[in-house]
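**Q** Compact mmCIF, C-alpha atoms and all ligand atoms, file entry_2.txt:
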# COMPACT_ATOMS: atom_id res chain seq x y z
CA GLU G 1 133.45 113.31 83.65
CA ALA G 2 133.83 111.64 87.03
CA LEU G 3 131.80 114.40 88.66
CA ARG G 4 129.18 114.19 85.99
CA LYS G 5 128.75 110.51 86.70
CA THR G 6 128.71 111.15 90.42
CA VAL G 7 125.91 113.65 90.35
CA PHE G 8 123.70 112.26 87.65
CA PRO G 9 123.54 108.54 87.21
CA ARG G 10 121.84 106.03 84.98
CA MET G 11 118.28 107.06 85.71
CA THR G 12 117.66 107.99 82.10
CA GLU G 13 118.24 104.42 80.99
CA THR G 14 115.88 102.98 83.51
CA ARG G 15 112.15 102.61 83.14
CA ILE G 16 110.15 102.89 86.33
CA SER G 17 106.85 101.10 86.10
CA PHE G 18 104.03 101.61 88.54
CA GLU G 19 102.28 98.59 87.09
CA ASP G 20 104.65 96.41 89.10
CA ILE G 21 103.68 97.81 92.47
CA SER G 22 101.04 96.19 94.62
CA LEU G 23 99.29 99.40 95.73
CA THR G 24 95.90 99.54 94.07
CA GLU G 25 94.30 102.70 92.70
CA GLU G 26 91.63 102.24 95.37
CA GLU G 27 94.25 102.29 98.13
CA ILE G 28 95.95 105.35 96.65
CA LYS G 29 92.64 107.20 96.46
CA ASN G 30 91.93 106.40 100.10
CA PHE G 31 95.25 107.38 101.66
CA ASN G 32 94.76 109.50 104.77
CA ARG G 33 98.37 110.24 105.49
CA ILE G 34 101.85 109.34 104.33
CA HIS G 35 104.77 108.87 106.73
CA ILE G 36 108.18 109.30 105.12
CA VAL G 37 110.96 107.87 107.27
CA ALA G 38 114.72 107.92 106.61
CA CYS G 39 118.15 108.97 107.94
CA GLY G 40 120.72 111.57 106.83
CA SER G 41 120.55 112.63 103.18
CA ALA G 42 117.65 110.26 102.59
CA TRP G 43 115.73 112.16 105.27
CA HIS G 44 116.45 115.44 103.47
CA ALA G 45 115.11 113.86 100.27
CA GLY G 46 112.03 113.00 102.33
CA VAL G 47 111.63 116.66 103.32
CA VAL G 48 111.53 117.51 99.60
CA GLY G 49 109.11 114.61 99.09
CA ARG G 50 106.72 116.07 101.65
CA TYR G 51 106.53 119.44 99.88
CA VAL G 52 106.07 117.89 96.48
CA MET G 53 103.60 115.19 97.55
CA GLU G 54 101.41 117.64 99.49
CA GLU G 55 101.52 120.15 96.64
CA VAL G 56 100.47 117.79 93.87
CA SER G 57 98.51 114.96 95.52
CA ARG G 58 97.10 116.88 98.53
CA ILE G 59 97.80 113.90 100.83
CA PRO G 60 99.07 115.09 104.26
CA VAL G 61 102.64 113.95 104.82
CA GLU G 62 104.81 113.61 107.93
CA VAL G 63 108.57 113.23 107.64
CA ASP G 64 110.53 111.58 110.40
CA ILE G 65 114.15 110.87 111.15
CA ALA G 66 114.13 107.07 111.53
CA SER G 67 115.84 107.06 114.92
CA GLU G 68 113.21 109.45 116.29
CA PHE G 69 110.27 107.62 114.71
CA ARG G 70 111.46 104.40 116.21
CA TYR G 71 111.44 105.68 119.77
CA ARG G 72 108.43 107.97 119.82
CA ASN G 73 105.72 105.32 119.67
CA PRO G 74 104.33 106.61 116.35
CA ILE G 75 100.62 106.49 115.61
CA LEU G 76 99.85 104.91 112.24
CA ASN G 77 96.35 104.31 111.00
CA GLN G 78 94.68 102.13 108.46
CA ASN G 79 94.78 103.93 105.10
CA ASP G 80 98.22 105.38 105.90
CA LEU G 81 101.25 104.62 103.77
CA CYS G 82 104.85 104.52 104.96
CA ILE G 83 107.55 105.54 102.47
CA ILE G 84 111.00 104.38 103.55
CA ILE G 85 114.05 105.92 101.85
CA SER G 86 117.51 104.39 102.13
CA GLN G 87 120.42 104.27 99.72
CA SER G 88 122.02 101.18 101.29
CA GLY G 89 118.77 99.52 102.31
CA GLU G 90 120.55 98.40 105.48
CA THR G 91 120.45 101.39 107.85
CA ALA G 92 119.47 99.91 111.23
CA ASP G 93 117.17 102.71 112.40
CA THR G 94 115.41 102.87 109.04
CA LEU G 95 114.92 99.10 108.97
CA ALA G 96 113.50 99.23 112.51
CA ALA G 97 111.08 102.00 111.40
CA LEU G 98 109.95 99.82 108.50
CA ARG G 99 109.28 96.94 110.90
CA GLU G 100 107.33 99.26 113.22
CA ALA G 101 105.12 100.37 110.31
CA LYS G 102 104.54 96.77 109.25
CA LYS G 103 103.74 95.80 112.84
CA GLN G 104 101.02 98.44 112.84
CA GLY G 105 99.58 96.98 109.64
CA VAL G 106 100.62 99.80 107.32
CA LYS G 107 101.89 99.20 103.79
CA VAL G 108 105.48 100.14 103.06
CA LEU G 109 106.81 101.50 99.78
CA SER G 110 110.59 101.85 99.83
CA ILE G 111 113.01 103.84 97.71
CA VAL G 112 116.30 101.98 97.79
CA ASN G 113 119.50 101.73 95.78
CA VAL G 114 120.84 98.32 96.73
CA VAL G 115 118.89 95.54 95.06
CA GLY G 116 117.96 92.73 97.44
CA SER G 117 118.94 94.69 100.58
CA SER G 118 117.04 94.08 103.85
CA ILE G 119 114.75 97.09 103.39
CA ALA G 120 114.00 96.11 99.80
CA ARG G 121 113.16 92.57 100.87
CA GLU G 122 110.88 93.50 103.76
CA SER G 123 108.89 96.21 101.96
CA ASP G 124 105.57 95.64 100.20
CA ASP G 125 106.82 97.60 97.19
CA VAL G 126 110.27 98.80 96.14
CA LEU G 127 111.34 101.43 93.67
CA TYR G 128 115.04 101.27 92.91
CA THR G 129 117.15 104.40 92.35
CA TRP G 130 119.61 102.61 90.04
CA ALA G 131 122.37 104.99 91.10
CA GLY G 132 125.00 102.33 90.50
CA PRO G 133 127.08 100.17 92.82
CA GLU G 134 130.00 102.63 93.01
CA ILE G 135 128.03 105.11 95.10
CA ALA G 136 130.08 107.31 97.44
CA VAL G 137 129.93 107.23 101.23
CA ALA G 138 128.66 110.82 101.31
CA THR G 139 125.61 110.55 99.11
CA THR G 140 125.31 112.80 96.03
CA LYS G 141 123.70 110.90 93.18
CA GLY G 142 121.90 108.69 95.70
CA TYR G 143 120.15 111.86 96.88
CA THR G 144 119.27 113.24 93.44
CA THR G 145 117.90 109.91 92.27
CA GLN G 146 115.79 109.59 95.42
CA LEU G 147 114.32 112.98 94.50
CA SER G 148 113.54 111.81 90.96
CA LEU G 149 111.58 108.87 92.33
CA LEU G 150 109.75 111.02 94.86
CA TYR G 151 108.67 113.30 92.00
CA LEU G 152 107.44 110.32 90.02
CA VAL G 153 105.56 108.77 92.95
CA SER G 154 103.97 112.12 93.85
CA LEU G 155 102.82 112.71 90.27
CA TYR G 156 101.53 109.16 89.99
CA PHE G 157 99.46 109.54 93.18
CA ALA G 158 98.24 112.94 91.93
CA LYS G 159 97.14 111.36 88.66
CA VAL G 160 95.27 108.54 90.40
CA ARG G 161 93.59 110.94 92.85
CA GLY G 162 92.81 113.46 90.13
CA THR G 163 94.34 116.33 92.09
CA VAL G 164 96.28 117.73 89.13
CA GLU G 165 94.64 118.52 85.83
CA GLU G 166 95.78 116.49 82.82
CA GLU G 167 97.30 119.58 81.23
CA HIS G 168 99.41 120.40 84.30
CA LEU G 169 100.41 116.79 84.71
CA ASN G 170 101.81 116.80 81.18
CA GLU G 171 103.69 120.01 81.89
CA TYR G 172 105.21 118.43 84.99
CA LEU G 173 106.21 115.31 83.06
CA GLN G 174 107.71 117.45 80.31
CA GLU G 175 109.79 119.27 82.92
CA LEU G 176 110.95 115.94 84.38
CA ARG G 177 112.13 114.83 80.95
CA LEU G 178 114.41 117.88 80.82
CA LEU G 179 116.16 116.81 84.01
CA PRO G 180 119.25 115.17 82.40
CA GLN G 181 119.82 118.06 80.02
CA LYS G 182 119.42 120.76 82.67
CA THR G 183 121.57 118.79 85.10
CA GLU G 184 124.37 118.81 82.53
CA GLU G 185 123.93 122.56 82.24
CA VAL G 186 124.16 123.08 86.02
CA LEU G 187 127.27 120.91 86.21
CA LYS G 188 129.05 123.48 84.05
CA LEU G 189 129.22 125.49 87.28
CA ASP G 190 132.02 123.15 88.21
CA THR G 191 134.87 125.66 87.67
CA LYS G 192 132.96 128.48 89.33
CA MET G 193 132.27 126.39 92.44
CA ALA G 194 135.92 125.31 92.57
CA GLU G 195 136.95 129.00 92.55
CA LEU G 196 134.50 129.85 95.32
CA ALA G 197 135.65 126.87 97.36
CA LYS G 198 139.24 128.10 97.07
CA LYS G 199 138.19 131.54 98.28
CA TYR G 200 136.14 130.36 101.26
CA ALA G 201 137.80 127.05 102.19
CA GLN G 202 139.19 128.43 105.44
CA SER G 203 135.79 129.50 106.78
CA GLU G 204 135.14 128.28 110.30
CA ASP G 205 131.38 128.54 110.23
CA VAL G 206 129.03 128.55 107.29
CA PHE G 207 125.33 129.35 107.47
CA ILE G 208 123.07 128.13 104.71
CA ILE G 209 119.60 129.61 104.49
CA GLY G 210 116.55 128.84 102.39
CA ARG G 211 112.79 128.55 102.56
CA GLY G 212 110.53 125.70 101.49
CA LEU G 213 112.34 123.40 99.08
CA ASP G 214 115.41 125.60 99.38
CA TYR G 215 115.46 124.87 103.11
CA ALA G 216 115.68 121.14 102.33
CA ALA G 217 118.58 121.96 99.99
CA ALA G 218 120.19 124.03 102.75
CA MET G 219 120.05 121.04 105.12
CA GLU G 220 121.51 118.67 102.54
CA SER G 221 124.23 121.18 101.57
CA SER G 222 125.15 121.71 105.19
CA LEU G 223 125.41 117.96 105.74
CA LYS G 224 127.68 117.60 102.68
CA LEU G 225 130.00 120.34 103.97
CA LYS G 226 130.15 118.72 107.41
CA GLU G 227 130.59 115.16 106.11
CA ILE G 228 133.46 115.74 103.72
CA SER G 229 135.13 119.06 104.53
CA TYR G 230 134.55 119.06 108.34
CA ILE G 231 133.51 122.70 108.36
CA HIS G 232 130.92 123.61 110.94
CA SER G 233 127.85 124.57 108.98
CA GLU G 234 124.25 125.17 109.94
CA ALA G 235 121.13 125.17 107.82
CA TYR G 236 118.38 127.58 108.76
CA ALA G 237 114.90 128.15 107.51
CA ALA G 238 115.56 131.76 106.49
CA GLY G 239 112.54 133.09 108.39
CA GLU G 240 114.01 131.65 111.61
CA LEU G 241 117.17 133.76 111.38
CA LYS G 242 115.65 136.64 113.29
CA HIS G 243 114.65 134.32 116.12
CA GLY G 244 118.20 134.05 117.39
CA THR G 245 120.72 132.85 114.86
CA ILE G 246 121.27 136.29 113.42
CA SER G 247 123.38 137.06 116.55
CA LEU G 248 126.04 134.68 115.23
CA ILE G 249 126.53 136.61 111.99
CA GLU G 250 129.55 138.86 112.16
CA GLU G 251 132.04 140.52 109.83
CA GLY G 252 133.16 137.98 107.23
CA THR G 253 130.83 135.07 108.20
CA LEU G 254 129.94 133.10 105.08
CA VAL G 255 126.20 132.86 104.44
CA ILE G 256 124.86 130.93 101.47
CA ALA G 257 121.34 131.99 100.50
CA ILE G 258 119.51 129.43 98.38
CA ALA G 259 116.68 131.29 96.63
CA THR G 260 115.45 129.17 93.75
CA GLN G 261 111.71 129.21 94.37
CA GLU G 262 110.01 131.97 92.45
CA ARG G 263 107.33 132.63 95.03
CA LEU G 264 109.82 132.93 97.91
CA PHE G 265 112.60 134.76 96.09
CA GLU G 266 111.88 138.28 97.38
CA LYS G 267 111.76 137.01 100.95
CA LEU G 268 115.24 135.52 100.54
CA VAL G 269 116.52 138.79 99.12
CA SER G 270 115.36 140.49 102.34
CA ASN G 271 117.07 137.81 104.46
CA ALA G 272 120.27 138.23 102.46
CA LYS G 273 120.10 141.99 103.12
CA GLU G 274 119.71 141.32 106.86
CA VAL G 275 122.89 139.24 107.06
CA LYS G 276 124.78 141.52 104.67
CA ALA G 277 124.01 144.47 106.95
CA ARG G 278 125.86 142.58 109.72
CA GLY G 279 128.97 142.12 107.61
CA ALA G 280 128.37 138.63 106.18
CA LYS G 281 129.86 137.47 102.89
CA VAL G 282 126.93 136.21 100.85
CA ILE G 283 126.83 133.65 98.07
CA ALA G 284 123.35 133.46 96.56
CA ILE G 285 121.91 130.68 94.42
CA ALA G 286 119.06 131.96 92.27
CA VAL G 287 117.21 131.15 89.06
CA GLU G 288 118.08 132.82 85.75
CA GLY G 289 116.17 136.05 85.28
CA ASN G 290 115.82 136.80 89.01
CA LEU G 291 118.43 139.50 89.29
CA ALA G 292 117.68 141.16 92.62
CA MET G 293 120.41 139.22 94.47
CA GLU G 294 123.04 141.01 92.35
CA GLU G 295 122.65 144.11 94.51
CA VAL G 296 122.97 142.23 97.78
CA ALA G 297 125.23 139.21 97.40
CA ASP G 298 128.99 139.02 96.82
CA GLU G 299 128.46 136.21 94.34
CA VAL G 300 125.36 134.97 92.54
CA ILE G 301 125.09 131.50 91.04
CA TYR G 302 122.34 131.01 88.47
CA LEU G 303 120.33 127.87 87.76
CA PRO G 304 118.05 127.23 84.79
CA LYS G 305 114.32 127.85 85.22
CA SER G 306 112.47 124.65 86.12
CA GLY G 307 109.30 125.65 87.93
CA ASP G 308 109.10 125.71 91.71
CA ILE G 309 108.54 122.03 92.45
CA PHE G 310 111.54 120.73 90.48
CA THR G 311 114.02 123.21 91.84
CA SER G 312 115.31 120.62 94.34
CA SER G 313 116.92 118.59 91.58
CA TYR G 314 119.16 121.53 90.75
CA ASN G 315 119.63 123.74 93.81
CA VAL G 316 121.72 121.15 95.62
CA LEU G 317 124.14 120.49 92.73
CA PRO G 318 126.32 123.63 93.03
CA MET G 319 126.50 122.98 96.77
CA GLN G 320 127.58 119.36 96.26
CA LEU G 321 130.35 120.72 94.02
CA PHE G 322 131.20 123.41 96.58
CA ALA G 323 131.46 120.83 99.37
CA TYR G 324 133.60 118.59 97.17
CA TYR G 325 136.07 121.34 96.20
CA THR G 326 136.17 122.74 99.73
CA ALA G 327 137.13 119.28 100.99
CA VAL G 328 139.84 119.00 98.32
CA GLU G 329 141.17 122.47 99.25
CA ARG G 330 141.36 121.45 102.89
CA GLY G 331 143.20 118.24 102.03
CA CYS G 332 140.37 115.94 103.09
CA ASP G 333 139.91 112.51 101.53
CA VAL G 334 136.43 112.82 99.99
CA ASP G 335 136.21 109.08 99.34
CA LYS G 336 136.92 108.17 102.93
CA PRO G 337 135.23 110.74 105.14
CA ARG G 338 136.25 110.28 108.76
CA ASN G 339 133.80 108.57 111.11
CA LEU G 340 131.29 107.92 108.33
CA ALA G 341 130.13 104.50 107.20
CA LYS G 342 128.46 103.67 103.91
CA SER G 343 125.68 102.03 105.81
CA VAL G 344 125.03 102.49 109.52
CA THR G 345 123.96 99.06 110.64
CA VAL G 346 124.14 99.46 114.42
C1 LIG G 401 121.75 107.15 105.45
C2 LIG G 401 123.04 107.95 105.72
C3 LIG G 401 123.57 108.63 104.46
C4 LIG G 401 124.92 109.27 104.72
C5 LIG G 401 125.93 108.21 105.26
C6 LIG G 401 125.35 107.56 106.49
O1 LIG G 401 122.05 106.02 104.69
O2 LIG G 401 122.77 108.91 106.71
O3 LIG G 401 122.66 109.61 104.02
O4 LIG G 401 125.46 109.83 103.54
O5 LIG G 401 126.22 107.25 104.30
O6 LIG G 401 124.03 107.04 106.23
P1 LIG G 401 121.00 105.22 103.84
O7 LIG G 401 119.93 104.71 104.75
O8 LIG G 401 120.45 106.16 102.82
O9 LIG G 401 121.80 104.11 103.24
Take the structure in the file and write it out as structure tokens.

**A**
Amino acid sequence: EALRKTVFPRMTETRISFEDISLTEEEIKNFNRIHIVACGSAWHAGVVGRYVMEEVSRIPVEVDIASEFRYRNPILNQNDLCIIISQSGETADTLAALREAKKQGVKVLSIVNVVGSSIARESDDVLYTWAGPEIAVATTKGYTTQLSLLYLVSLYFAKVRGTVEEEHLNEYLQELRLLPQKTEEVLKLDTKMAELAKKYAQSEDVFIIGRGLDYAAAMESSLKLKEISYIHSEAYAAGELKHGTISLIEEGTLVIAIATQERLFEKLVSNAKEVKARGAKVIAIAVEGNLAMEEVADEVIYLPKSGDIFTSSYNVLPMQLFAYYTAVERGCDVDKPRNLAKSVTV
């Protein structure tokens, strides 16, 4: 029950209204570019946001790590929008990025959990994630709720700009409504992920590969493993493997292949074969009905079908569980990860 609450929060009880935001339909229609800026897990949510926003609203999106954005003299133009994502609403680099955007005369829409936080106060518009006050230091439900809002914002912009047909829009919304139910289903992987964590808890290096939205999940999964279990893990865009990283794969190296996007599935199967041929142990995460990983991987975890753009709400969940149980196996205190603060204000 505790895990259930951790991964999926009170979003279902909360109504998000776009009528409250100051952005006009005219402004939304005229956007040239969106800059998403955030740190850590919130940045990974932003990477998902870029894929989804570009796919449905056809607005070009850049995603920046706030500390980089802040020091690279970013070029923002009139008709740009800045989306700031921060669980705490107090992260110093993210706040500085917000101020930079405002200084350049660009509107800021923020996605924040803490009501009344500095980022919430200084933004033109705020959408709250309502993930609850008891949020953990290593973000789990903070991340999944940020994704939910990014889906909603992307679909709203798509509707206003007319880039998605009414029929498709309704299908997307229908899929979003299934989120709580499917999340519950995925959380039943709890025992399975605990078993896998027990088996692989002593790994020294873990490589997590994916493409597209699965690459964003790989980055977030890798961060979770590092943050709470202190295992060295690397996320790679699977197509990059052959450009060097493949040399690090040897007998027994754990590789987790996230392959939940229909259109990229076969490519991931090939990547899994490449690492398997070098002796890796492979755990694959795939969608029900896509069986080709069975012949390659040592273990296959299945997620419910959700359509390619919503896969990010599910593909990270087994990995959050895996990171959690790996940390427990290794005797780490998941509630007090070393060297990690709930909000990084310096
Ligand atoms: C960003 C962040 C978190 C991470 C940790 C340190 O915080 O990197 O993603 O889990 O808490 O800070 P925020 O801006 O989303 O509050």

**Q** Quick one: of G:His44, G:His168, G:Lys199, G:Arg211, who's nearest to ligand LIG 401 (chain G), counting all atoms listed in the file?

**A** G:His44

**Q** For CA of Ser110 (chain G) and CA of Lys336 (chain G), determine how far apart the two atoms are, in Å to one decimal place.

**A**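 Between these atoms lies a distance of 27.3 Å.
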
**Q** Restricting the calculation to all atoms listed in the file, which member of G:Arg121, G:Lys29, G:Lys305, G:Lys141 is positioned closest to Ala42 (chain G)?

**A** G:Lys141

**Q** Ligand LIG 401 (chain G): which residues are within 7 Å, counting only C-alpha atoms and all ligand atoms, as an MDAnalysis selection string?

**A** chainID G and resid 38:42 85:91 94 137:139 340:344

**Q** Which residues, written as a list in words, have at least one atom at most 10 Å from region 145-147 of chain G, with all atoms listed in the file counted and residues fewer than 6 positions away on the same chain left out?

**A** Val7, Phe8, Pro9, Arg10, Met11, Ser41, Ala42, His44, Ala45, Gly46, Val47, Val48, Gly49, Val52, Ile85, Ser86, Gln87, Ile111, Val112, Asn113, Leu127, Tyr128, Thr129, Trp130, Ala131, Val153, Phe310, Ser312 and Ser313 of chain G

**Q** Calculate how many Å separate CA of Ala238 (chain G) from CA of Ile209 (chain G), rounding to one decimal.

**A** 5.0 Å

**Q** With a distance cut-off of 7 Å and only C-alpha atoms, select the neighbouring residues of Glu299 (chain G), excluding the residue or stretch itself and same-chain residues fewer than 5 positions from it, and output the selection as a PyMOL selection string.

**A** chain G and resi 282-284

**Q** Provide the CA of Ser221 (chain G) to CA of Arg177 (chain G) distance in Å, to one decimal place.

**A**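 Separation between CA of Ser221 (chain G) and CA of Arg177 (chain G): 24.7 Å.
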
**Q** For Leu152 (chain G), which residue among G:Ser229, G:Thr311, G:Ser57, G:Ser222 is the nearest when counting only C-alpha atoms?

**A**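 When distances to Leu152 (chain G) are compared using only C-alpha atoms, the smallest one comes from G:Ser57.
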
**Q** I'd like to know which of G:Ala292, G:Leu317, G:Ala323, G:Ile208 is closest to Val275 (chain G), using only C-alpha atoms.

**A**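 For Val275 (chain G), the nearest of the candidates is G:Ile208.
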
**Q** Dump as a PyMOL selection string all residues having an atom at most 12 Å from (144.5, 118.5, 105.2), computed in the file's coordinates with only C-alpha atoms.

**A** chain G and resi 201-202+228-230+326-334

**Q** What's around Asp80 (chain G) at 12 Å? Count only C-alpha atoms, leave out sequence neighbours fewer than 4 positions away in its own chain, and write the answer as a list of chain:residue names.

**A**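 Once the adjacent positions are removed, what remains is G:Leu23, G:Glu27, G:Ile28, G:Lys29, G:Asn30, G:Phe31, G:Asn32, G:Arg33, G:Ile34, G:His35, G:Ile36, G:Ile59, G:Pro60, G:Val61, G:Glu62, G:Ile75, G:Leu76, G:Ala101, G:Lys102, G:Gln104, G:Gly105, G:Val106, G:Lys107, G:Val108, G:Leu109.
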
**Q** Quick one: residues within 12 Å of Glu185 (chain G), only C-alpha atoms counted, chain neighbours fewer than 3 positions away excluded, as number ranges by chain?

**A** G: 4, 8, 178-182, 188-190, 302-305, 314, 317-318

**Q** Nearest to Tyr172 (chain G): which of G:Ser306, G:Gln261, G:Asn290, G:Ser67 is it, counting all atoms listed in the file?

**A**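 Going through G:Ser306, G:Gln261, G:Asn290, G:Ser67 one by one, the smallest distance to Tyr172 (chain G) is for G:Ser306.
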
**Q** Hey, what's within 7 Å of Ala97 (chain G) if we count all atoms listed in the file and toss same-chain stuff fewer than 3 positions away? As a list in words, please?

**A**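 Returned residues: Ala66, Phe69, Arg70, Asp93, Thr94, Glu100 and Ala101 of chain G.
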
**Q** Could the residues in this selection be saved with C-alpha atoms as a short mmCIF file (atom, residue, chain, number, x, y, z; two decimals), in the coordinates of the input?

**A**
data_model
loop_
_atom_site.label_atom_id
_atom_site.label_comp_id
_atom_site.auth_asym_id
_atom_site.auth_seq_id
_atom_site.Cartn_x
_atom_site.Cartn_y
_atom_site.Cartn_z
CA ALA G 66 114.13 107.07 111.53
CA PHE G 69 110.27 107.62 114.71
CA ARG G 70 111.46 104.40 116.21
CA ASP G 93 117.17 102.71 112.40
CA THR G 94 115.41 102.87 109.04
CA GLU G 100 107.33 99.26 113.22
CA ALA G 101 105.12 100.37 110.31
#

**Q** Go through G:Ala280, G:Leu173, G:Thr183, G:Thr191 and flag the residue nearest Lys159 (chain G), using all atoms listed in the file for the distances.

**A**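 Ranked by minimum distance to Lys159 (chain G), first place goes to G:Leu173.
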
**Q** Please, which residues are within 12 Å of (110.2, 136.8, 93.1) by the file's coordinates, counting all atoms listed in the file, and could they come as a list in words?

**A**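 The residues that fall inside the cut-off are Ala259, Thr260, Gln261, Glu262, Arg263, Leu264, Phe265, Glu266, Lys267, Leu268, Val269, Ser270, Ala286, Val287, Glu288, Gly289, Asn290, Leu291, Ala292, Met293 and Asp308 of chain G.
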